[in-house]
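See below for the structure under consideration.
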Amino acid sequence: MTRAPVVVRRGHLIDRLSSVDEDVRLILLLAPCGYGKTTTLRQWAAESDRTFVWVDLESADSDAGHLVRRIGAALVDLGLLDGAGWQALVADHAAFPEQLVASLVTAVRTAEGAPPVVVVLDDLQRLGAGPALDIVVLLVSSLPRGWHVAAASRRLPARLRWLLTQGLCLQWGATDLALRPPEAARLFSSLGQEIPISAARRIVQRAEGWPVGVNLAALSFATEPRDRSMPEISGDDRYIVDYFRDEVLARQSAVAARFLLRTSPLNELSGALCDAVLETTGSAAWLSQIAAENLFLVRQDPRRQWFRFHRLFAEMLLSELRRREPGEDRRVRRSASRWFEQQGQSDQAIRYAISGEDLPHTEHLILRDALNLINRGQLTVVRDGLDYVGHARLEGDPRFALIGTWVYGLLGNVALAQRLLRAAEGRTVGSGNRALLAGVARARAALAPVRIAAMKADVDSAMANEPPRSSLRALSQVLLGAGCLLGGSTDRAKKAFADAVRLGEADQGPAAALALAERSLLAAEEDDWLVASLLAADSLRIVEHSQLQTYVPSLMTYAACARVEVHKGDVDSARLYARRAARLCRRPSPAAFPWLAAQAHVVLARTSMEVGDDAMVSFNALEAERYLRLVGEDSAATSGSRLRLTADLESLRGQGGCAGETLTASELRVLALLPSHLSLSEISEELFLSRNTVKNQVAAIYRKLAVANRADAVRTAAALSLLHD
């Protein structure tokens, strides 16, 4: 049984209603059930000095004459209309509702001292689509200035739409009526449950502002036994399930309910997708009808072709589907996976294959489409697929191991990437499979070059074994260029990066963007700033077009852009790009690719020094030194970079700069998280450190900044420019 809701005052809505312009004739609250339409109007009526005439509509009011008589009777009850005169009008115009409305309006216009009135028509959807709506339109159009018709409805009647274009109607939807976090907190408080505003915000977000959903979550938290300290909300909570069953499903036909239930496993819905998974036709018409009914369906595109269910509604439907038809949700998702595969949307196909527990199809999709997905910025989709396949399977098949090496490496999981690389090496030795041999050599060059000579040898091996038209040649050229650059062969590096751009610009976005960034940085070293600027812009264009903003290699794009902006004298833009690069250095981190990390931190240290960001100079210098040691000592270029950087740092120290140099790189990483809501334990998990280590580093930060607590540390660090967005 559905629990009675707790009422919370909707102050901001009441204020807005109270200030509605006198020329607005119709106030329309349009939202699904449970959005507090009636509650809001009743609170307005209770707090307003206006006169309210309240009509709770019934199915009988779909008769136009019946509706007019009820409105007239309500006005008589409040003394706004003479009873005897009204009865006479009813007798004269009983067969002509339109004339009766005209007579009613004339009577209220001529009544002495009649105050402005708000006529509330609650549950307007009960009028259907019949002639009673014409009465509403006529009433709205004829009322005296200052009078309003306030209607609450679950859907927008077609006959009222023209009023929206005339400036006579104020329409509020679910977004306007959505509950706000402070209101949610007060609602919990009224039940004796004090929760922080952050918890209220999470509840509201999960409920998408649906007031009754938040209300039911509060009731559940207050009355049910629990083993949690903070409230949660889910569509399979028994209170929410009961509400949806009573207020939504019970009101649908068997066919409509079946459609709702069987499409609930879908994260998004279109007519074609629903037809495919339900093996039927006509789904587009069903979706249009559900949308018109305002039945917890959210439009996803302007053309009204794609929709999704309200999150809690979808969870309730899915829970009910599993109860009624066990296993049907898996069948629907597997069908959806194959439909998306046919549409060429591999990312969606993988997601549905995973949720449909279709392991063979997941493996098939990953092996076929992983490279394309990685190049399109869909790293996490491939990662999720690999996690589902399982690490034992990845280590047992060199094809999966190589994919995993790149994916986990690019996501900052160094240990797993290196483990999978070793597994791929072990499974490939002696196989004679040239493609796999090339893949292993290429991954080894990128991840674990003990010396620069070994890196270049691995690249040569990869290029010798891969087919001439291989889609991975662009990546091989990038690695060749990096090896040559680190080894001091700048001219060979330039040619390799140029070849990488030529091979990869069409469909190998990450490789092309990185090669362009490297060429830009080389041009900047030669003081050719026009070329450096053009190349950096081209690299940034690829990063943004291919959605590579969170890819580790993109940090070189941002570093190159920062260098260009410094030369232009635009310090603010330079800092912005440098901070974007710094974010990628922190997370996901280039640690799996030490040659890339070393170069990036060298460039960022120089840029930070030139824009006066002293704390980041120290941080990047320390990180550059750490990664340069990992790259090896036989590189003329890296040795030169280290010498130049060391000289720059000594010069800066001599000038009394480097305000944050006493903080170590590890302490700066901890400091960056202090402004967040994370506890010390959560910071330790974020940085993969022990809690005790983090505690000691925080104490060191306090001591070096001469502060006593976290808040003071954040304020002082901000004042010293030690914190960055």
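A note on labels: chains of the structure tokens are A, B, ... as shown, every chain counts residues from 1, and ligands are counted from 1 in their shown order.
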
Subject >> Spatial neighbours of Ser103 (chain A), 9 Å, only C-alpha atoms, chain gap at least 4 places, as a VMD selection string >> reply: chain A and resid 86 89 93 98 to 99 107 to 108

Let me see the file: selected residues, all heavy atoms, as a tab-separated table (two decimals), in the first residue's frame.
chain	number	residue	atom	x	y	z
A	86	TRP	N	-27.91	32.41	-11.05
A	86	TRP	CA	-27.18	31.34	-11.75
A	86	TRP	C	-28.11	30.21	-12.14
A	86	TRP	O	-28.03	29.69	-13.27
A	86	TRP	CB	-26.04	30.81	-10.86
A	86	TRP	CG	-25.34	29.60	-11.45
A	86	TRP	CD1	-25.31	28.37	-10.92
A	86	TRP	CD2	-24.62	29.55	-12.67
A	86	TRP	NE1	-24.61	27.51	-11.73
A	86	TRP	CE2	-24.16	28.23	-12.82
A	86	TRP	CE3	-24.31	30.48	-13.66
A	86	TRP	CZ2	-23.41	27.80	-13.92
A	86	TRP	CZ3	-23.56	30.06	-14.76
A	86	TRP	CH2	-23.11	28.75	-14.88
A	89	LEU	N	-29.89	31.15	-15.21
A	89	LEU	CA	-29.04	31.05	-16.40
A	89	LEU	C	-28.89	29.60	-16.85
A	89	LEU	O	-28.93	29.30	-18.05
A	89	LEU	CB	-27.65	31.64	-16.11
A	89	LEU	CG	-27.57	33.16	-15.95
A	89	LEU	CD1	-26.17	33.56	-15.51
A	89	LEU	CD2	-27.92	33.86	-17.26
A	93	HIS	N	-29.97	28.19	-20.54
A	93	HIS	CA	-28.93	27.79	-21.51
A	93	HIS	C	-28.43	26.37	-21.28
A	93	HIS	O	-27.31	26.04	-21.64
A	93	HIS	CB	-27.74	28.76	-21.41
A	93	HIS	CG	-28.10	30.19	-21.60
A	93	HIS	ND1	-28.62	30.69	-22.77
A	93	HIS	CD2	-28.01	31.25	-20.74
A	93	HIS	CE1	-28.84	32.00	-22.66
A	93	HIS	NE2	-28.48	32.36	-21.42
A	98	GLU	N	-21.68	26.87	-24.30
A	98	GLU	CA	-20.89	28.05	-24.65
A	98	GLU	C	-21.61	29.34	-24.23
A	98	GLU	O	-20.98	30.28	-23.70
A	98	GLU	CB	-20.60	28.08	-26.15
A	98	GLU	CG	-19.66	26.98	-26.64
A	98	GLU	CD	-20.38	25.66	-26.85
A	98	GLU	OE1	-21.62	25.62	-26.65
A	98	GLU	OE2	-19.71	24.66	-27.19
A	99	GLN	N	-22.93	29.38	-24.44
A	99	GLN	CA	-23.69	30.55	-24.03
A	99	GLN	C	-23.72	30.66	-22.51
A	99	GLN	O	-23.69	31.77	-21.94
A	99	GLN	CB	-25.12	30.47	-24.57
A	99	GLN	CG	-25.19	30.57	-26.09
A	99	GLN	CD	-26.63	30.53	-26.58
A	99	GLN	OE1	-27.57	30.69	-25.81
A	99	GLN	NE2	-26.79	30.30	-27.89
A	107	ALA	N	-21.72	37.73	-15.71
A	107	ALA	CA	-22.20	37.88	-14.33
A	107	ALA	C	-21.06	38.24	-13.39
A	107	ALA	O	-21.20	39.12	-12.52
A	107	ALA	CB	-22.89	36.61	-13.88
A	108	VAL	N	-19.91	37.59	-13.51
A	108	VAL	CA	-18.81	37.89	-12.59
A	108	VAL	C	-18.18	39.24	-12.91
A	108	VAL	O	-17.66	39.92	-12.03
A	108	VAL	CB	-17.74	36.77	-12.61
A	108	VAL	CG1	-18.33	35.46	-12.13
A	108	VAL	CG2	-17.10	36.62	-13.97

Which residues are close to Val571 (chain A), i.e. within 12 Å by only C-alpha atoms, leaving aside same-chain residues fewer than 3 positions away? Reply as a tab-separated table (two decimals) with all heavy atoms, in the first residue's frame.
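selection.tsv, freshly written:
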chain	number	residue	atom	x	y	z
A	561	CYS	N	50.01	23.51	-26.90
A	561	CYS	CA	49.18	24.72	-26.95
A	561	CYS	C	49.63	25.72	-25.89
A	561	CYS	O	49.64	26.94	-26.14
A	561	CYS	CB	47.71	24.35	-26.73
A	561	CYS	SG	46.95	23.46	-28.12
A	562	ALA	N	50.01	25.23	-24.73
A	562	ALA	CA	50.47	26.12	-23.66
A	562	ALA	C	51.74	26.85	-24.09
A	562	ALA	O	51.90	28.06	-23.86
A	562	ALA	CB	50.71	25.33	-22.38
A	563	ARG	N	52.66	26.12	-24.72
A	563	ARG	CA	53.91	26.75	-25.18
A	563	ARG	C	53.62	27.85	-26.19
A	563	ARG	O	54.21	28.93	-26.14
A	563	ARG	CB	54.82	25.70	-25.83
A	563	ARG	CG	55.33	24.63	-24.88
A	563	ARG	CD	56.38	25.13	-23.93
A	563	ARG	NE	57.59	25.52	-24.63
A	563	ARG	CZ	58.40	26.50	-24.25
A	563	ARG	NH1	58.11	27.22	-23.19
A	563	ARG	NH2	59.50	26.78	-24.92
A	564	VAL	N	52.69	27.58	-27.11
A	564	VAL	CA	52.35	28.57	-28.13
A	564	VAL	C	51.74	29.81	-27.49
A	564	VAL	O	52.07	30.96	-27.85
A	564	VAL	CB	51.38	27.96	-29.17
A	564	VAL	CG1	50.79	29.05	-30.07
A	564	VAL	CG2	52.11	26.91	-30.02
A	565	GLU	N	50.83	29.59	-26.52
A	565	GLU	CA	50.17	30.73	-25.88
A	565	GLU	C	51.15	31.57	-25.06
A	565	GLU	O	51.02	32.80	-24.98
A	565	GLU	CB	49.02	30.24	-24.99
A	565	GLU	CG	47.87	29.58	-25.75
A	565	GLU	CD	47.27	30.49	-26.79
A	565	GLU	OE1	47.13	31.71	-26.53
A	565	GLU	OE2	46.95	29.99	-27.89
A	566	VAL	N	52.14	30.93	-24.47
A	566	VAL	CA	53.17	31.68	-23.75
A	566	VAL	C	53.90	32.61	-24.71
A	566	VAL	O	54.13	33.79	-24.42
A	566	VAL	CB	54.18	30.72	-23.07
A	566	VAL	CG1	55.42	31.49	-22.61
A	566	VAL	CG2	53.55	30.05	-21.88
A	567	HIS	N	54.24	32.07	-25.88
A	567	HIS	CA	54.95	32.90	-26.86
A	567	HIS	C	54.09	34.07	-27.33
A	567	HIS	O	54.61	35.17	-27.56
A	567	HIS	CB	55.35	32.05	-28.06
A	567	HIS	CG	56.07	32.83	-29.13
A	567	HIS	ND1	57.38	33.25	-28.99
A	567	HIS	CD2	55.64	33.30	-30.34
A	567	HIS	CE1	57.73	33.92	-30.06
A	567	HIS	NE2	56.70	33.97	-30.90
A	568	LYS	N	52.78	33.84	-27.43
A	568	LYS	CA	51.88	34.92	-27.85
A	568	LYS	C	51.69	35.96	-26.75
A	568	LYS	O	51.18	37.06	-27.00
A	568	LYS	CB	50.50	34.34	-28.21
A	568	LYS	CG	50.49	33.50	-29.47
A	568	LYS	CD	49.08	32.97	-29.70
A	568	LYS	CE	49.00	32.11	-30.96
A	568	LYS	NZ	47.63	31.56	-31.16
A	574	ALA	N	47.66	30.14	-21.58
A	574	ALA	CA	48.76	29.20	-21.35
A	574	ALA	C	48.53	28.41	-20.07
A	574	ALA	O	48.73	27.19	-20.02
A	574	ALA	CB	50.08	29.96	-21.29
A	575	ARG	N	48.12	29.11	-19.02
A	575	ARG	CA	47.86	28.42	-17.75
A	575	ARG	C	46.70	27.43	-17.89
A	575	ARG	O	46.74	26.34	-17.31
A	575	ARG	CB	47.55	29.44	-16.66
A	575	ARG	CG	48.79	30.15	-16.14
A	575	ARG	CD	48.43	31.20	-15.10
A	575	ARG	NE	49.62	31.75	-14.46
A	575	ARG	CZ	49.62	32.83	-13.72
A	575	ARG	NH1	48.49	33.51	-13.52
A	575	ARG	NH2	50.74	33.26	-13.17
A	576	LEU	N	45.68	27.82	-18.65
A	576	LEU	CA	44.54	26.94	-18.85
A	576	LEU	C	44.97	25.63	-19.51
A	576	LEU	O	44.63	24.54	-19.04
A	576	LEU	CB	43.48	27.64	-19.70
A	576	LEU	CG	42.27	26.79	-20.10
A	576	LEU	CD1	41.47	26.39	-18.87
A	576	LEU	CD2	41.38	27.56	-21.08
A	577	TYR	N	45.74	25.73	-20.59
A	577	TYR	CA	46.20	24.51	-21.27
A	577	TYR	C	47.15	23.71	-20.39
A	577	TYR	O	47.10	22.47	-20.38
A	577	TYR	CB	46.88	24.87	-22.59
A	577	TYR	CG	45.91	25.29	-23.68
A	577	TYR	CD1	46.00	26.54	-24.29
A	577	TYR	CD2	44.91	24.42	-24.11
A	577	TYR	CE1	45.12	26.92	-25.29
A	577	TYR	CE2	44.02	24.79	-25.11
A	577	TYR	CZ	44.13	26.04	-25.70
A	577	TYR	OH	43.25	26.41	-26.69
A	578	ALA	N	48.02	24.41	-19.66
A	578	ALA	CA	48.95	23.69	-18.78
A	578	ALA	C	48.21	22.93	-17.70
A	578	ALA	O	48.59	21.81	-17.33
A	578	ALA	CB	49.94	24.69	-18.16
A	607	THR	N	57.02	25.71	-19.16
A	607	THR	CA	55.86	26.59	-19.34
A	607	THR	C	55.46	27.22	-18.01
A	607	THR	O	55.17	28.42	-17.95
A	607	THR	CB	54.68	25.79	-19.91
A	607	THR	OG1	55.07	25.19	-21.14
A	607	THR	CG2	53.48	26.69	-20.14
A	608	SER	N	55.45	26.43	-16.95
A	608	SER	CA	55.08	26.95	-15.63
A	608	SER	C	56.03	28.05	-15.19
A	608	SER	O	55.61	29.06	-14.59
A	608	SER	CB	55.07	25.82	-14.60
A	608	SER	OG	54.11	24.84	-14.94
A	609	MET	N	57.31	27.88	-15.49
A	609	MET	CA	58.28	28.89	-15.11
A	609	MET	C	58.04	30.19	-15.88
A	609	MET	O	58.10	31.28	-15.32
A	609	MET	CB	59.69	28.38	-15.38
A	609	MET	CG	60.79	29.32	-14.94
A	609	MET	SD	62.39	28.48	-14.87
A	609	MET	CE	62.44	27.72	-16.47
A	610	GLU	N	57.70	30.05	-17.14
A	610	GLU	CA	57.51	31.24	-17.98
A	610	GLU	C	56.25	32.02	-17.62
A	610	GLU	O	56.18	33.23	-17.84
A	610	GLU	CB	57.49	30.83	-19.45
A	610	GLU	CG	58.87	30.39	-19.95
A	610	GLU	CD	58.81	29.75	-21.33
A	610	GLU	OE1	57.70	29.35	-21.74
A	610	GLU	OE2	59.85	29.66	-21.98
A	611	VAL	N	55.24	31.33	-17.06
A	611	VAL	CA	54.02	32.04	-16.67
A	611	VAL	C	54.01	32.40	-15.19
A	611	VAL	O	53.03	32.91	-14.66
A	611	VAL	CB	52.76	31.21	-17.02
A	611	VAL	CG1	52.68	30.94	-18.50
A	611	VAL	CG2	52.68	29.93	-16.20
A	612	GLY	N	55.11	32.09	-14.50
A	612	GLY	CA	55.21	32.46	-13.09
A	612	GLY	C	54.45	31.55	-12.15
A	612	GLY	O	54.11	31.95	-11.04
A	613	ASP	N	54.20	30.30	-12.57
A	613	ASP	CA	53.49	29.35	-11.71
A	613	ASP	C	54.54	28.54	-10.95
A	613	ASP	O	54.85	27.39	-11.29
A	613	ASP	CB	52.61	28.44	-12.57
A	613	ASP	CG	51.49	27.80	-11.78
A	613	ASP	OD1	51.63	27.73	-10.55
A	613	ASP	OD2	50.50	27.36	-12.39

I'd like the contact shell of Leu216 (chain A) - 12 Å cut-off, only C-alpha atoms, skipping same-chain residues fewer than 3 positions apart - returned as a tab-separated table (two decimals) with N, CA, C and O atoms, in the first residue's frame.
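Generated output (selection-v1.tsv):
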chain	number	residue	atom	x	y	z
A	1	MET	N	0.85	-1.19	0.00
A	1	MET	CA	0.00	0.00	0.00
A	1	MET	C	0.89	1.24	0.00
A	1	MET	O	1.89	1.31	0.70
A	2	THR	N	0.53	2.22	-0.83
A	2	THR	CA	1.29	3.46	-0.93
A	2	THR	C	1.14	4.29	0.34
A	2	THR	O	0.04	4.49	0.83
A	3	ARG	N	2.28	4.74	0.88
A	3	ARG	CA	2.25	5.55	2.09
A	3	ARG	C	1.84	6.98	1.77
A	3	ARG	O	2.11	7.52	0.71
A	4	ALA	N	1.16	7.62	2.73
A	4	ALA	CA	0.78	9.02	2.56
A	4	ALA	C	2.04	9.88	2.54
A	4	ALA	O	2.94	9.69	3.34
A	5	PRO	N	2.14	10.84	1.59
A	5	PRO	CA	3.34	11.65	1.50
A	5	PRO	C	3.44	12.67	2.61
A	5	PRO	O	2.45	13.07	3.21
A	6	VAL	N	4.65	13.09	2.88
A	6	VAL	CA	4.91	14.19	3.81
A	6	VAL	C	4.94	15.47	2.99
A	6	VAL	O	5.53	15.52	1.91
A	7	VAL	N	4.33	16.51	3.50
A	7	VAL	CA	4.24	17.77	2.75
A	7	VAL	C	5.40	18.68	3.15
A	7	VAL	O	5.67	18.87	4.33
A	34	GLY	N	2.81	12.64	-9.07
A	34	GLY	CA	3.81	12.69	-8.01
A	34	GLY	C	4.73	13.87	-8.04
A	34	GLY	O	5.69	13.93	-7.28
A	184	ALA	N	14.47	18.74	0.02
A	184	ALA	CA	14.60	17.33	0.38
A	184	ALA	C	15.14	17.17	1.79
A	184	ALA	O	14.68	16.32	2.57
A	187	LEU	N	12.43	17.80	4.18
A	187	LEU	CA	11.48	16.70	4.18
A	187	LEU	C	11.97	15.57	5.10
A	187	LEU	O	11.21	15.04	5.92
A	188	PHE	N	13.24	15.22	4.99
A	188	PHE	CA	13.81	14.20	5.87
A	188	PHE	C	13.76	14.67	7.32
A	188	PHE	O	13.46	13.89	8.24
A	191	LEU	N	10.68	14.13	9.29
A	191	LEU	CA	10.50	12.75	9.75
A	191	LEU	C	11.53	12.36	10.81
A	191	LEU	O	11.70	11.18	11.11
A	203	ILE	N	20.23	12.24	-3.32
A	203	ILE	CA	18.89	11.69	-3.41
A	203	ILE	C	18.10	12.37	-4.52
A	203	ILE	O	17.44	11.74	-5.34
A	204	VAL	N	18.15	13.70	-4.55
A	204	VAL	CA	17.41	14.45	-5.56
A	204	VAL	C	17.92	14.10	-6.95
A	204	VAL	O	17.14	13.95	-7.90
A	207	ALA	N	16.62	10.72	-7.95
A	207	ALA	CA	15.18	10.77	-8.20
A	207	ALA	C	14.83	11.72	-9.33
A	207	ALA	O	13.66	11.82	-9.71
A	210	TRP	N	12.02	14.15	-8.68
A	210	TRP	CA	10.64	13.68	-8.53
A	210	TRP	C	10.24	13.77	-7.07
A	210	TRP	O	10.74	13.01	-6.23
A	211	PRO	N	9.34	14.66	-6.69
A	211	PRO	CA	9.04	14.88	-5.27
A	211	PRO	C	8.54	13.65	-4.53
A	211	PRO	O	8.97	13.37	-3.40
A	212	VAL	N	7.61	12.92	-5.13
A	212	VAL	CA	7.09	11.74	-4.43
A	212	VAL	C	8.17	10.69	-4.24
A	212	VAL	O	8.22	10.00	-3.22
A	213	GLY	N	9.09	10.56	-5.23
A	213	GLY	CA	10.18	9.61	-5.08
A	213	GLY	C	11.05	9.94	-3.88
A	213	GLY	O	11.40	9.06	-3.08
A	219	LEU	N	10.40	8.26	3.73
A	219	LEU	CA	9.54	7.38	4.53
A	219	LEU	C	10.20	6.03	4.76
A	219	LEU	O	10.18	5.48	5.86
A	220	SER	N	10.81	5.49	3.71
A	220	SER	CA	11.48	4.20	3.83
A	220	SER	C	12.65	4.29	4.81
A	220	SER	O	12.83	3.41	5.66
A	221	PHE	N	13.40	5.36	4.72
A	221	PHE	CA	14.57	5.52	5.59
A	221	PHE	C	14.14	5.69	7.05
A	221	PHE	O	14.82	5.25	7.98
A	222	ALA	N	12.98	6.33	7.24
A	222	ALA	CA	12.52	6.61	8.61
A	222	ALA	C	11.85	5.41	9.26
A	222	ALA	O	11.85	5.28	10.48
A	223	THR	N	11.28	4.51	8.46
A	223	THR	CA	10.45	3.46	9.03
A	223	THR	C	11.00	2.05	8.87
A	223	THR	O	10.61	1.15	9.60
A	224	GLU	N	11.89	1.85	7.88
A	224	GLU	CA	12.37	0.50	7.62
A	224	GLU	C	13.66	0.21	8.39
A	224	GLU	O	14.50	1.11	8.55
A	231	PRO	N	20.59	7.84	3.56
A	231	PRO	CA	19.47	7.30	2.78
A	231	PRO	C	19.89	6.98	1.34
A	231	PRO	O	20.81	7.60	0.79
A	232	GLU	N	19.20	6.03	0.77
A	232	GLU	CA	19.39	5.68	-0.63
A	232	GLU	C	18.02	5.65	-1.29
A	232	GLU	O	16.99	5.63	-0.62
A	233	ILE	N	18.02	5.64	-2.61
A	233	ILE	CA	16.75	5.58	-3.32
A	233	ILE	C	16.92	4.69	-4.54
A	233	ILE	O	17.91	4.77	-5.25
A	234	SER	N	15.96	3.83	-4.75
A	234	SER	CA	16.02	2.88	-5.86
A	234	SER	C	14.61	2.57	-6.33
A	234	SER	O	13.65	2.59	-5.54
A	235	GLY	N	14.48	2.31	-7.61
A	235	GLY	CA	13.17	2.01	-8.17
A	235	GLY	C	12.59	0.70	-7.72
A	235	GLY	O	11.39	0.45	-7.94
A	236	ASP	N	13.40	-0.16	-7.08
A	236	ASP	CA	12.83	-1.42	-6.58
A	236	ASP	C	12.51	-1.36	-5.09
A	236	ASP	O	12.17	-2.38	-4.48
A	237	ASP	N	12.62	-0.16	-4.48
A	237	ASP	CA	12.15	0.03	-3.11
A	237	ASP	C	10.64	-0.27	-3.06
A	237	ASP	O	9.89	0.15	-3.95
A	238	ARG	N	10.18	-0.96	-2.05
A	238	ARG	CA	8.80	-1.43	-2.06
A	238	ARG	C	7.80	-0.29	-2.05
A	238	ARG	O	6.72	-0.40	-2.65
A	239	TYR	N	8.14	0.84	-1.40
A	239	TYR	CA	7.22	1.98	-1.41
A	239	TYR	C	7.08	2.54	-2.83
A	239	TYR	O	5.98	2.88	-3.29
A	240	ILE	N	8.22	2.66	-3.53
A	240	ILE	CA	8.19	3.20	-4.88
A	240	ILE	C	7.50	2.23	-5.83
A	240	ILE	O	6.72	2.63	-6.70
A	241	VAL	N	7.77	0.94	-5.68
A	241	VAL	CA	7.10	-0.07	-6.51
A	241	VAL	C	5.59	0.00	-6.31
A	241	VAL	O	4.81	0.00	-7.27
A	242	ASP	N	5.17	0.08	-5.06
A	242	ASP	CA	3.73	0.17	-4.77
A	242	ASP	C	3.11	1.41	-5.41
A	242	ASP	O	2.02	1.36	-5.98
A	243	TYR	N	3.82	2.53	-5.32
A	243	TYR	CA	3.28	3.77	-5.89
A	243	TYR	C	3.11	3.65	-7.39
A	243	TYR	O	2.05	3.99	-7.94
A	244	PHE	N	4.14	3.18	-8.08
A	244	PHE	CA	4.06	3.07	-9.54
A	244	PHE	C	3.00	2.05	-9.96
A	244	PHE	O	2.30	2.25	-10.96
A	312	LEU	N	13.98	6.12	-11.93
A	312	LEU	CA	13.29	5.28	-10.94
A	312	LEU	C	12.17	4.49	-11.57
A	312	LEU	O	11.91	3.33	-11.19

**OP:** With a distance cut-off of 8 Å and only C-alpha atoms, select the neighbouring residues of region 455-467 of chain A, excluding the residue or stretch itself and same-chain residues fewer than 6 positions from it, and output the selection as number ranges by chain.
**Re:** A: 434-435, 437-442, 444-446, 448-449, 473, 476, 479-480, 483-484

**OP:** Please provide as a list of chain:residue names all residues within 12 Å of Glu47 (chain A), with the sequence filter that same-chain residues fewer than 6 positions apart are discarded (counting only C-alpha atoms).
**Re:** A:Arg9, A:Arg10, A:Gly11, A:Leu13, A:Ile14, A:Asp15, A:Leu17, A:Ser18, A:Thr40, A:Leu41

Subject >> Selection near region 508-524 of chain A, 8 Å with only C-alpha atoms, sequence-local residues under 5 positions removed, as an MDAnalysis selection string >> reply: chainID A and resid 375:376 471 474:475 478 494 497:498 500:503 529 531:536 538:540 542:543 546 548 553:554 556:557 560 563:564

**OP:** Could you give me, as a list in words, the residues within 6 Å of Leu297 (chain A), counting only C-alpha atoms and dropping anything in the same chain fewer than 6 positions from it?
**Re:** Ala291, Arg308, Phe309 and His310 of chain A

In region 215-390 of chain A, what's strand (DSSP E or B) per DSSP? Answer as a short mmCIF file (atom, residue, chain, number, x, y, z; two decimals) with N, CA and C atoms, in the first residue's frame?
data_model
loop_
_atom_site.label_atom_id
_atom_site.label_comp_id
_atom_site.auth_asym_id
_atom_site.auth_seq_id
_atom_site.Cartn_x
_atom_site.Cartn_y
_atom_site.Cartn_z
N LEU A 269 15.39 4.49 -25.94
CA LEU A 269 14.35 3.84 -26.72
C LEU A 269 14.09 4.63 -28.00
N LEU A 297 8.52 9.52 -19.40
CA LEU A 297 9.36 9.31 -20.56
C LEU A 297 10.05 10.63 -20.88
N VAL A 298 11.39 10.57 -20.98
CA VAL A 298 12.18 11.78 -21.16
C VAL A 298 12.69 11.83 -22.60
N ARG A 299 12.42 12.94 -23.27
CA ARG A 299 12.87 13.08 -24.66
C ARG A 299 14.38 13.29 -24.69
N PHE A 307 14.16 8.38 -26.72
CA PHE A 307 13.63 8.68 -25.39
C PHE A 307 14.34 7.80 -24.37
N ARG A 308 14.10 8.11 -23.12
CA ARG A 308 14.50 7.21 -22.04
C ARG A 308 13.45 7.31 -20.95
N PHE A 309 13.33 6.27 -20.17
CA PHE A 309 12.44 6.32 -19.02
C PHE A 309 13.10 7.09 -17.89
#

**OP:** To one decimal in Å, tell me the separation between CA of Arg606 (chain A) and CA of Arg669 (chain A).
**Re:**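 The value is 19.4 Å.
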
**OP:** Check region 275-509 of chain A with DSSP on the backbone and list each residue it calls helix (DSSP H, G or I), as a VMD selection string.
**Re:** chain A and resid 275 to 278 283 to 292 311 to 324 328 to 342 346 to 355 359 to 375 379 to 389 391 to 396 398 to 410 414 to 428 434 to 447 452 to 465 473 to 486 490 to 504 509

**OP:** Please indicate the distance in Å from CA of Pro116 (chain A) to CA of Ser62 (chain A), rounded to one decimal place.
**Re:** 26.3 Å

Original post:
Using only C-alpha atoms, which of A:Gln697, A:Gln418, A:Ser198, A:Thr175 sits nearest Leu674 (chain A)?
Top reply: A:Gln697

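Of the residues listed (A:Ala152, A:Ala349, A:Ala84, A:Ala217), A:Ala152 shows the shortest atom-to-atom separation from Trp172 (chain A); distances use only C-alpha atoms.
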
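The interatomic distance for the pair CA of Arg333 (chain A) and CA of Asp387 (chain A) works out to 18.5 Å.
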
Original post:
From the set A:Ala482, A:Leu26, A:Ala718, A:Leu67, which residue has the shortest atom-to-atom contact distance to Pro675 (chain A), counting only C-alpha atoms?
Top reply: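 Closest candidate: A:Ala718.
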
Subject >> Residue nearest Ala102 (chain A) among A:Gly432, A:Pro144, A:Gly569, A:Pro360 (counting only C-alpha atoms) >> reply: A:Pro144

Subject >> Pick from A:Ser666, A:Thr110, A:Arg145, A:Gln342 nearest to Ser684 (chain A), counting only C-alpha atoms >> reply: A:Ser666

**OP:** Compare A:Asp712, A:Glu544, A:Asp122, A:Asp347 by their minimum atom-to-atom distance to Leu379 (chain A), counting only C-alpha atoms, and give me the closest one.
**Re:**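 Among the listed residues, A:Asp347 lies closest to Leu379 (chain A).
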